[in-house]
Each structure stands twice: as C-alpha cells, then as structure tokens.
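Listing of my_file-v1.txt; format and content: compact mmCIF, C-alpha atoms.
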```
# COMPACT_ATOMS: atom_id res chain seq x y z
CA MET A 1 6.28 189.97 4.03
CA GLU A 2 3.94 190.46 6.79
CA GLY A 3 3.58 186.70 7.07
CA GLN A 4 7.31 186.26 7.31
CA GLY A 5 7.47 188.82 10.02
CA ARG A 6 4.95 186.84 12.00
CA ARG A 7 6.89 183.65 11.70
CA ARG A 8 10.05 185.32 12.91
CA ARG A 9 8.22 186.68 15.92
CA ASN A 10 6.83 183.29 16.77
CA ARG A 11 10.25 181.68 16.64
CA SER A 12 11.63 184.52 18.73
CA ASN A 13 8.89 183.98 21.25
CA LEU A 14 9.65 180.27 21.35
CA SER A 15 13.29 181.00 21.96
CA GLU A 16 12.48 183.31 24.74
CA THR A 17 10.17 180.83 26.29
CA GLU A 18 12.87 178.12 26.36
CA VAL A 19 15.38 180.34 28.12
CA SER A 20 12.97 181.85 30.53
CA PRO A 21 13.97 181.35 34.18
CA GLY A 22 12.25 178.55 36.20
CA GLY A 23 11.10 176.88 32.93
CA GLN A 24 7.43 177.36 33.79
CA SER A 25 6.47 178.87 30.55
CA ALA A 26 7.92 176.04 28.30
CA SER A 27 5.57 174.82 25.63
CA TYR A 28 3.79 171.35 25.74
CA ASP A 29 5.44 170.17 22.51
CA THR A 30 8.88 170.73 23.90
CA GLN A 31 8.06 168.70 27.03
CA MET A 32 6.69 165.78 24.99
CA THR A 33 9.82 165.81 22.83
CA GLU A 34 12.10 165.69 25.84
CA SER A 35 10.08 162.94 27.54
CA SER A 36 10.21 160.86 24.40
CA SER A 37 13.95 161.29 24.14
CA GLU A 38 14.50 160.13 27.73
CA GLU A 39 12.40 157.00 27.22
CA ASP A 40 14.35 156.14 24.09
CA GLU A 41 17.64 156.55 25.93
CA GLU A 42 16.50 154.27 28.80
CA ALA A 43 15.30 151.57 26.39
CA LEU A 44 18.57 151.75 24.51
CA LEU A 45 20.53 151.44 27.73
CA TYR A 46 18.45 148.46 28.94
CA HIS A 47 18.82 146.73 25.59
CA SER A 48 22.58 147.28 25.66
CA LEU A 49 22.83 145.78 29.15
CA ASP A 50 20.68 142.79 28.18
CA ARG A 51 22.88 142.09 25.16
CA SER A 52 25.95 142.24 27.33
CA ARG A 53 24.48 139.51 29.60
CA THR A 54 23.56 137.29 26.68
CA ILE A 55 26.53 137.68 24.37
CA SER A 56 29.44 138.19 26.73
CA PRO A 57 29.36 135.97 29.83
CA GLU A 58 32.75 137.42 30.83
CA ARG A 59 31.20 140.89 31.23
CA ASN A 60 28.58 139.54 33.59
CA VAL A 61 31.03 139.61 36.47
CA TYR A 62 29.31 142.45 38.32
CA SER A 63 25.75 141.20 37.93
CA GLU A 64 23.44 140.81 40.92
CA LYS A 65 23.99 137.01 40.97
CA PRO A 66 27.73 136.47 40.57
CA ASP A 67 29.07 133.29 39.07
CA ARG A 68 30.10 130.70 41.67
CA ASN A 69 33.15 129.75 39.65
CA VAL A 70 34.49 133.25 40.05
CA TYR A 71 33.86 133.93 43.72
CA SER A 72 33.90 130.41 45.21
CA GLU A 73 37.15 128.75 46.26
CA LYS A 74 35.69 125.26 45.76
CA PRO A 75 34.77 124.27 42.23
CA GLU A 76 31.13 123.67 41.47
CA ARG A 77 30.04 120.01 41.85
CA ASN A 78 29.31 118.19 38.69
CA VAL A 79 25.60 117.67 39.26
CA TYR A 80 25.08 115.74 36.07
CA SER A 81 27.97 113.37 36.85
CA GLU A 82 26.58 112.69 40.33
CA LYS A 83 23.18 112.02 38.89
CA GLU A 84 24.65 109.61 36.35
CA THR A 85 26.61 107.81 39.10
CA PHE A 86 23.50 107.57 41.28
CA ILE A 87 21.49 106.23 38.37
CA GLN A 88 24.19 103.65 37.57
CA GLU A 89 24.42 102.54 41.22
CA ARG A 90 20.67 102.30 41.42
CA TYR A 91 20.62 100.29 38.19
CA ILE A 92 23.34 97.94 39.54
CA TYR A 93 21.45 97.56 42.83
CA SER A 94 18.28 96.89 40.87
CA ASP A 95 20.12 94.24 38.82
CA LYS A 96 21.47 92.65 42.00
CA SER A 97 18.02 92.69 43.53
CA ARG A 98 16.56 91.09 40.46
CA SER A 99 19.41 88.56 40.42
CA LYS A 100 18.82 87.78 44.10
CA ASP A 101 15.10 87.49 43.49
CA ASN A 102 15.78 85.15 40.58
CA THR A 103 18.18 83.09 42.76
CA ASP A 104 15.66 82.93 45.60
CA SER A 105 12.96 82.00 43.14
CA SER A 106 15.20 79.31 41.65
CA LYS A 107 16.01 77.93 45.12
CA SER A 108 12.34 78.00 46.03
CA LYS A 109 11.46 76.10 42.87
CA GLN A 110 14.28 73.64 43.53
CA ASN A 111 13.11 73.09 47.13
CA THR A 112 9.56 72.66 45.91
CA SER A 113 10.72 70.16 43.29
CA THR A 114 12.79 68.24 45.87
CA PHE A 115 9.87 68.15 48.28
CA SER A 116 7.61 66.92 45.48
CA TYR A 117 9.99 64.08 44.62
CA PHE A 118 10.33 63.23 48.30
CA LEU A 119 6.55 63.22 48.71
CA ILE A 120 6.14 60.99 45.66
CA PHE A 121 8.80 58.65 47.05
CA ILE A 122 6.97 58.44 50.40
CA ILE A 123 3.67 57.76 48.66
CA VAL A 124 5.22 55.02 46.52
CA MET A 125 6.87 53.44 49.55
CA ALA A 126 3.62 53.60 51.51
CA MET A 127 1.72 51.99 48.66
CA GLY A 128 4.39 49.29 48.39
CA PHE A 129 4.24 48.68 52.12
CA LEU A 130 0.46 48.44 52.04
CA ALA A 131 0.66 46.08 49.08
CA LEU A 132 3.21 43.84 50.78
CA SER A 133 1.64 43.91 54.25
CA PRO A 134 -1.25 41.60 53.33
CA ARG A 135 1.28 39.28 51.70
CA LYS A 136 3.44 39.25 54.83
CA ASN A 137 0.42 38.67 57.03
CA GLU A 138 -0.67 35.90 54.69
CA VAL A 139 2.78 34.27 54.94
CA LYS A 140 2.73 34.54 58.72
CA THR A 141 -0.75 33.05 58.83
CA GLN A 142 0.31 30.21 56.56
CA SER A 143 3.42 29.62 58.68
CA ARG A 144 1.40 29.45 61.88
CA SER A 145 -1.10 27.15 60.29
CA ASN A 146 1.79 25.07 58.92
CA PRO A 147 4.24 24.31 61.77
CA THR A 148 6.53 22.35 59.47
CA LEU A 149 7.03 25.41 57.25
CA LEU A 150 7.58 27.59 60.31
CA LEU A 151 10.14 25.08 61.62
CA THR A 152 12.11 25.27 58.36
CA GLU A 153 12.12 29.08 58.39
CA SER A 154 13.13 29.22 62.06
CA ILE A 155 16.04 26.80 61.64
CA GLU A 156 17.30 28.74 58.61
CA ASN A 157 17.27 31.97 60.63
CA ILE A 158 19.17 30.40 63.51
CA LYS A 159 21.59 28.77 61.12
CA ALA A 160 22.41 32.17 59.61
CA THR A 161 23.51 33.38 63.07
CA PHE A 162 25.55 30.33 64.05
CA ARG A 163 27.70 29.86 60.96
CA ASN A 164 30.58 28.09 62.69
CA GLN A 165 28.58 24.95 63.54
CA GLU A 166 28.72 21.56 61.90
CA SER A 167 26.23 21.31 59.06
CA ASP A 168 24.55 18.07 60.23
CA ILE A 169 23.37 19.43 63.59
CA TRP A 170 20.52 21.38 61.98
CA ASN A 171 18.91 18.22 60.62
CA ASP A 172 19.15 16.59 64.05
CA ILE A 173 17.56 19.61 65.74
CA SER A 174 14.81 19.86 63.11
CA SER A 175 14.00 16.17 63.48
CA ALA A 176 13.75 16.45 67.27
CA ILE A 177 11.32 19.40 67.08
CA ASN A 178 9.34 17.93 64.21
CA GLU A 179 8.79 14.73 66.20
CA VAL A 180 6.72 16.66 68.73
CA ILE A 181 4.75 18.34 65.94
CA SER A 182 3.88 15.32 63.83
CA ARG A 183 3.97 12.27 66.05
CA THR A 184 0.83 10.72 67.52
CA PRO A 185 0.56 9.99 70.35
CA LYS A 186 2.66 12.83 71.58
CA ILE A 187 5.95 12.10 73.30
CA PRO A 188 8.61 14.56 74.52
CA SER A 189 11.78 15.32 72.55
CA ILE A 190 15.20 15.91 74.09
CA ILE A 191 17.92 18.14 72.63
CA LEU A 192 21.16 17.97 74.61
CA LEU A 193 23.80 20.61 73.85
CA PHE A 194 27.34 20.26 75.14
CA ALA A 195 30.33 22.57 74.71
CA LYS A 196 33.49 23.84 76.28
CA GLU A 197 32.52 27.48 75.78
CA ASN A 198 29.27 28.27 77.58
CA ALA A 199 28.21 31.61 76.02
CA THR A 200 27.58 30.31 72.51
CA MET A 201 25.85 27.18 73.82
CA ASP A 202 23.53 29.18 76.07
CA CYS A 203 22.66 31.54 73.23
CA LEU A 204 21.84 28.68 70.88
CA ALA A 205 19.69 27.00 73.54
CA THR A 206 17.78 30.26 74.08
CA LYS A 207 17.10 30.73 70.37
CA LEU A 208 15.95 27.13 70.02
CA ALA A 209 13.61 27.58 72.98
CA ARG A 210 12.09 30.70 71.46
CA ALA A 211 11.64 29.07 68.07
CA SER A 212 10.13 25.92 69.59
CA SER A 213 7.62 27.89 71.66
CA THR A 214 6.50 29.70 68.50
CA ILE A 215 6.23 26.51 66.47
CA LEU A 216 4.24 24.73 69.20
CA ASP A 217 2.08 27.83 69.73
CA ALA A 218 3.10 27.97 73.38
CA ASP A 219 2.69 30.98 75.67
CA SER A 220 6.44 31.12 76.34
CA TYR A 221 9.16 28.77 77.61
CA LEU A 222 10.48 27.86 81.05
CA VAL A 223 14.13 28.18 82.10
CA PHE A 224 15.65 26.34 85.05
CA ASN A 225 19.13 26.65 86.54
CA PRO A 226 20.77 24.01 88.81
CA GLU A 227 19.74 25.88 91.96
CA ASP A 228 16.10 25.79 90.90
CA PHE A 229 16.06 21.99 91.37
CA GLY A 230 16.88 22.20 95.04
CA ASN A 231 17.94 19.02 96.85
CA ASP A 232 15.03 16.77 95.98
CA ALA A 233 13.59 15.41 92.74
CA GLY A 234 10.09 16.36 93.78
CA GLU A 235 10.74 20.12 93.90
CA ILE A 236 11.10 20.72 90.18
CA ILE A 237 8.15 18.42 89.45
CA THR A 238 5.99 20.45 91.82
CA ILE A 239 7.05 23.66 90.10
CA LEU A 240 6.18 22.24 86.67
CA ASN A 241 2.78 21.05 87.85
CA ASN A 242 1.96 24.59 88.93
CA HIS A 243 2.29 25.82 85.33
CA SER A 244 -0.31 25.45 82.61
CA PRO A 245 0.19 22.81 79.88
CA GLU A 246 0.87 25.59 77.35
CA LYS A 247 3.65 26.91 79.54
CA LYS A 248 5.31 23.51 79.90
CA LYS A 249 5.63 22.76 76.19
CA VAL A 250 9.19 24.09 76.02
CA VAL A 251 11.58 23.73 78.98
CA MET A 252 15.23 24.85 78.99
CA ILE A 253 17.49 23.35 81.70
CA ARG A 254 21.00 24.76 82.06
CA ASP A 255 24.21 23.01 83.19
CA ILE A 256 22.78 19.63 84.13
CA LEU A 257 26.07 18.30 85.57
CA ASN A 258 25.85 20.81 88.40
CA ILE A 259 22.34 19.80 89.50
CA ASN A 260 22.14 18.15 92.89
CA ALA A 261 22.55 14.35 92.66
CA GLU A 262 19.15 13.71 94.25
CA ALA A 263 17.35 16.48 92.36
CA ILE A 264 18.67 15.37 88.96
CA LYS A 265 16.61 12.19 89.27
CA ALA A 266 13.62 14.33 88.28
CA LEU A 267 14.90 14.14 84.70
CA HIS A 268 13.97 10.46 84.73
CA ASN A 269 10.31 11.48 84.83
CA LEU A 270 10.61 14.49 82.55
CA CYS A 271 12.50 12.70 79.77
CA ASP A 272 10.57 9.44 79.93
CA ARG A 273 9.22 8.82 76.44
CA ILE A 274 7.02 5.91 77.50
CA ASN A 275 5.28 7.42 80.51
CA PRO A 276 6.11 11.15 80.29
CA LEU A 277 5.17 13.80 82.82
CA VAL A 278 4.30 16.15 79.93
CA ALA A 279 3.65 14.42 76.60
CA GLU A 280 3.84 17.39 74.21
CA ALA A 281 7.11 18.95 75.31
CA ILE A 282 10.60 19.79 74.14
CA TYR A 283 13.44 19.69 76.70
CA ILE A 284 16.57 21.59 75.80
CA LEU A 285 19.47 20.61 78.10
CA THR A 286 22.95 22.13 78.29
CA MET A 287 26.13 20.53 79.62
CA GLN A 288 29.51 22.24 79.90
CA THR A 289 32.55 19.99 79.37
CA ASN A 290 36.28 20.57 79.00
CA ASN A 291 37.95 17.54 77.42
CA TYR A 292 36.02 16.55 74.31
CA GLN A 293 38.12 15.28 71.40
CA SER A 294 36.91 15.26 67.80
CA SER A 295 37.83 11.58 67.51
CA GLN A 296 35.31 10.64 70.20
CA LYS A 297 31.70 9.72 69.54
CA LYS A 298 29.39 12.38 70.89
CA LEU A 299 26.94 10.00 72.55
CA SER A 300 29.65 7.98 74.27
CA PHE A 301 31.39 11.13 75.45
CA VAL A 302 28.19 12.57 77.01
CA GLU A 303 27.31 9.29 78.73
CA ASN A 304 30.79 9.01 80.23
CA GLN A 305 30.58 12.59 81.51
CA ILE A 306 27.32 11.85 83.37
CA TYR A 307 28.57 8.55 84.79
CA ASN A 308 31.80 10.09 86.00
CA LYS A 309 29.88 12.89 87.74
CA LEU A 310 27.10 10.86 89.40
CA SER A 311 28.31 7.28 89.77
CA LYS A 312 29.42 7.84 93.36
CA SER A 313 26.11 9.44 94.38
CA ILE A 314 23.46 7.38 92.54
CA ASP A 315 22.91 3.63 92.34
CA GLN A 316 24.20 2.09 89.12
CA ASP A 317 20.81 0.82 87.92
CA VAL A 318 19.08 4.12 88.61
CA LEU A 319 21.90 6.03 87.00
CA THR A 320 21.85 3.83 83.85
CA ALA A 321 18.11 4.41 83.39
CA LEU A 322 18.63 8.15 83.96
CA VAL A 323 21.47 8.35 81.42
CA THR A 324 19.42 6.43 78.85
CA ARG A 325 16.52 8.91 79.10
CA ILE A 326 18.71 12.03 79.09
CA THR A 327 20.57 10.93 75.96
CA ASP A 328 17.49 9.64 74.08
CA GLY A 329 17.43 12.50 71.61
CA ALA A 330 19.67 14.81 69.62
CA ILE A 331 23.23 15.15 70.97
CA ILE A 332 24.68 18.42 69.68
CA LEU A 333 28.26 19.65 69.94
CA VAL A 334 28.31 23.48 69.99
CA GLU A 335 31.37 25.14 68.52
CA PRO A 336 32.44 28.66 69.60
CA GLU A 337 31.16 31.61 67.56
CA PRO A 338 33.81 34.37 67.63
CA ARG A 339 31.57 36.84 65.76
CA LEU A 340 28.61 36.37 68.04
CA ARG A 341 28.07 39.79 69.65
CA TYR A 342 24.76 39.36 71.38
CA CYS A 343 21.98 36.84 71.72
```

Turn the structure described in the file into structure tokens.
Amino acid sequence: MEGQGRRRRNRSNLSETEVSPGGQSASYDTQMTESSSEEDEEALLYHSLDRSRTISPERNVYSEKPDRNVYSEKPERNVYSEKETFIQERYIYSDKSRSKDNTDSSKSKQNTSTFSYFLIFIIVMAMGFLALSPRKNEVKTQSRSNPTLLLTESIENIKATFRNQESDIWNDISSAINEVISRTPKIPSIILLFAKENATMDCLATKLARASSTILDADSYLVFNPEDFGNDAGEIITILNNHSPEKKKVVMIRDILNINAEAIKALHNLCDRINPLVAEAIYILTMQTNNYQSSQKKLSFVENQIYNKLSKSIDQDVLTALVTRITDGAIILVEPEPRLRYC
C-alpha cells in the first residue's frame, strides 16, 4: 500500500511539473519525447513532398523551378529533333564531301592516265623520228651522190604541182637536165618555155631553176629580166663573168622577146653548144606569146615568133644563127594552172 501511495505521488508530481508555469521544471524524458516527435513529423512531411514530386508531375506546379510548358508562351524546342536534323545534315554533307573527294580523285586519276598516254605517245613518236632520221639522211646523201636519182625525185615533185601540163614535157625537161649531168665534155642545155599566161610559166621556170641548182650542186641560180641586158650584148656577158662558175651553172632569163635587139645577141654566146661561154650550165628561157594554136608545131611556132620580132632589127644571117642556138633544146608549152595558189 505504501508503495502504491508512492507511485501516485510521483505521477502527481510529474503532472504538476508539466503544468508548471514557464516550463522550466519539465523533466528530461519529456523533452526527449517531444524532440523525437518533431523530427518524425518533419521527416514524414519531407517524404510526403518528395513523393508528390515523383509520382504526380501535375502537383509540381508550385515548385521552385516551374515547368516551362506551363509558364512559357512559346513551346519548348524539340532538342532531340534538332540534334537528329543536324546529324542528318552533317551526314549528308559528309557524303557529299566524300563524293566530291571521290570525283576529284577520279578526275585526278583520269588526268594522270591521259597524261601518261600522251607521254607514251610522245616517246613513241620521238623514237620513230629518231629511227627514221638516219634513213632520211641516208636517202638525202644517196640522192646527192646520185644526181640522176635526185633528178627523178625533183621532176616528180614538180609534176605533182603542175597537173594540167602535157605528159610528154617532163621527159623533155628531164633529158635536158640529165644531158648536163652525164655528158662529157660538158655542154650547156637550153629549156625554152612559152605560154600565153605568164604566171604559171614563171612559176614553173622558178621551180626548174631551183631543182637544177640542187641537182648540179650549185650555190644558187641567176635570174635576169629584159632590162638587165641593157642595150649591148657585152653587158650581160660582163655580169656573168663577175660570178663564180658555181653561180653560173643555172641561169633563168625571163621574157626574151622584150630584150633589146642588140643585147639579145648575147644569147648567141650563152647558148652556143660548140664553143660555150659556160660549159656546165642550164639556161631556162621564157617567152610570152598570144596566138599559139594546138595544130601548130611548137618549134616552128617559136622560131616564127623570134623572126617576126627581130627580123627588122638584126641581119638575117645573124638572126638565123641566133634562132638556131636559142631553140636547140627542149621547147615546152606551158598550160595555165587554175589551182596554182602560190609558187
């Protein structure tokens, strides 16, 4: 009983302590109990708020970091879509770059291949040229050492240019040149060209002079016009004597019918085959005429042209001897060449 009385007093004392003003006499156990209860309530509240953020996004409206979709007038950009678009564009650009690089590489290879083929072609051509050059030089050497062969080649080349001429004139011209080459003792040869049209005749005479100077291994050839003869036969002879023998091997004399009547007598000495002024020589003469007919003989026609021009100025005997010497060679009628552009 006494024990129960003590317990009641203790509980009464505890009750009095709890209600005492100012709360300064509260027991330690009561304070620990209250502190523990407050901590539990705070933890429960924090846990409740955390669950509300995790489970219910709609309730998270008043959180410290509000949702942009709620408060922003403009919708949020689709970041993932932009990234995908950027990646696709970058991939396409990369493909284009690779394609361009492949195209450039292909073009570079193609250019390199083309250059290689071109270089091989140049090398082959160079080798062919070097292989043929000795052969060409050998042919030229043989031609120069063989004037007859060179004569044949030269006449063929000239013939290819003057296609409108009679076929038999080339044999006459070849025979006249060959006579100077092969005959011993040497005597001059005369080739007399006559034509109505002067341009073709002059061109043919020039080409024959060039070919003859090459065949005879002369330095060049001499060309005289009617005015070069002057008024005396001795003038042209003096001029010829001032040239070296090599220079006098081929002489071209234009338009003989217009040479002065006294000066033309020099041709008696030049064309003399018995006692020539220059033994190893070819004289190429031209004569322009207007009234030749195909039915006429060429030699007779040329002789009549000279007689008609000079018979009043030169004695008949002198003129006959002159005509005989001028016409003692190849008499060639030159037909016009419409396609002849240059000489």

_Interatomic distance, CA of Gln288 in chain A to CA of Thr214 in chain A (Å, one decimal)_ = 26.7 Å

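Pairwise distance (CA of Gln293 in chain A, CA of Pro336 in chain A) equals 14.6 Å.
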
Applying 12 Å and only C-alpha atoms, which residues near Ser244 in chain A remain after dropping the ones on its own chain fewer than 2 positions away? List them as a PDB file with C-alpha atoms, in the frame of the given file.
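Okay, selection-v6.pdb is ready:
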```
ATOM      1  CA  ALA A 218       3.100  27.970  73.380  1.00  0.00           C
ATOM      2  CA  ASP A 219       2.690  30.980  75.670  1.00  0.00           C
ATOM      3  CA  SER A 220       6.440  31.120  76.340  1.00  0.00           C
ATOM      4  CA  TYR A 221       9.160  28.770  77.610  1.00  0.00           C
ATOM      5  CA  LEU A 222      10.480  27.860  81.050  1.00  0.00           C
ATOM      6  CA  ILE A 239       7.050  23.660  90.100  1.00  0.00           C
ATOM      7  CA  LEU A 240       6.180  22.240  86.670  1.00  0.00           C
ATOM      8  CA  ASN A 241       2.780  21.050  87.850  1.00  0.00           C
ATOM      9  CA  ASN A 242       1.960  24.590  88.930  1.00  0.00           C
ATOM     10  CA  GLU A 246       0.870  25.590  77.350  1.00  0.00           C
ATOM     11  CA  LYS A 247       3.650  26.910  79.540  1.00  0.00           C
ATOM     12  CA  LYS A 248       5.310  23.510  79.900  1.00  0.00           C
ATOM     13  CA  LYS A 249       5.630  22.760  76.190  1.00  0.00           C
ATOM     14  CA  VAL A 250       9.190  24.090  76.020  1.00  0.00           C
ATOM     15  CA  VAL A 278       4.300  16.150  79.930  1.00  0.00           C
TER      16      VAL A 278
END
```

*Expressed in Å to a single decimal, how great is the separation between CA of Leu299 in chain A and CA of Cys271 in chain A?*
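Value for the CA of Leu299 in chain A-CA of Cys271 in chain A distance: 16.4 Å.
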
*For range 182-191 of chain A: contacts at 6 Å, only C-alpha atoms, fewer than 4 positions along chain excluded, given as a list in words*: Ala176, Arg273, Ala279, Glu280, Ala281, Ile282, Tyr283, Ile284, Gly329 and Ala330 of chain A

_Measuring between all atoms listed in the file, which one of A:Ser213, A:Ser145, A:Gln296, A:Gln316 shows the shortest distance to Ile177 in chain A?_
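Of A:Ser213, A:Ser145, A:Gln296, A:Gln316, the one nearest Ile177 in chain A, counting all atoms listed in the file, is A:Ser213.
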
*Taking the point (27.5, 12.0, 83.8) as given in the file, collect each protein or nucleic acid residue that comes within 12 Å of it, counting only C-alpha atoms, and present the set as a PyMOL selection string.*
chain A and resi 194+255-259+261+264+287-289+299-314+316+319-320+322-324+326-327

_Close residues, range 228-236 of chain A itself excluded, 6 Å, only C-alpha atoms, min 2 positions apart in chain, as a PyMOL selection string_ = chain A and resi 224-226+238-239+260+262-263+265-266
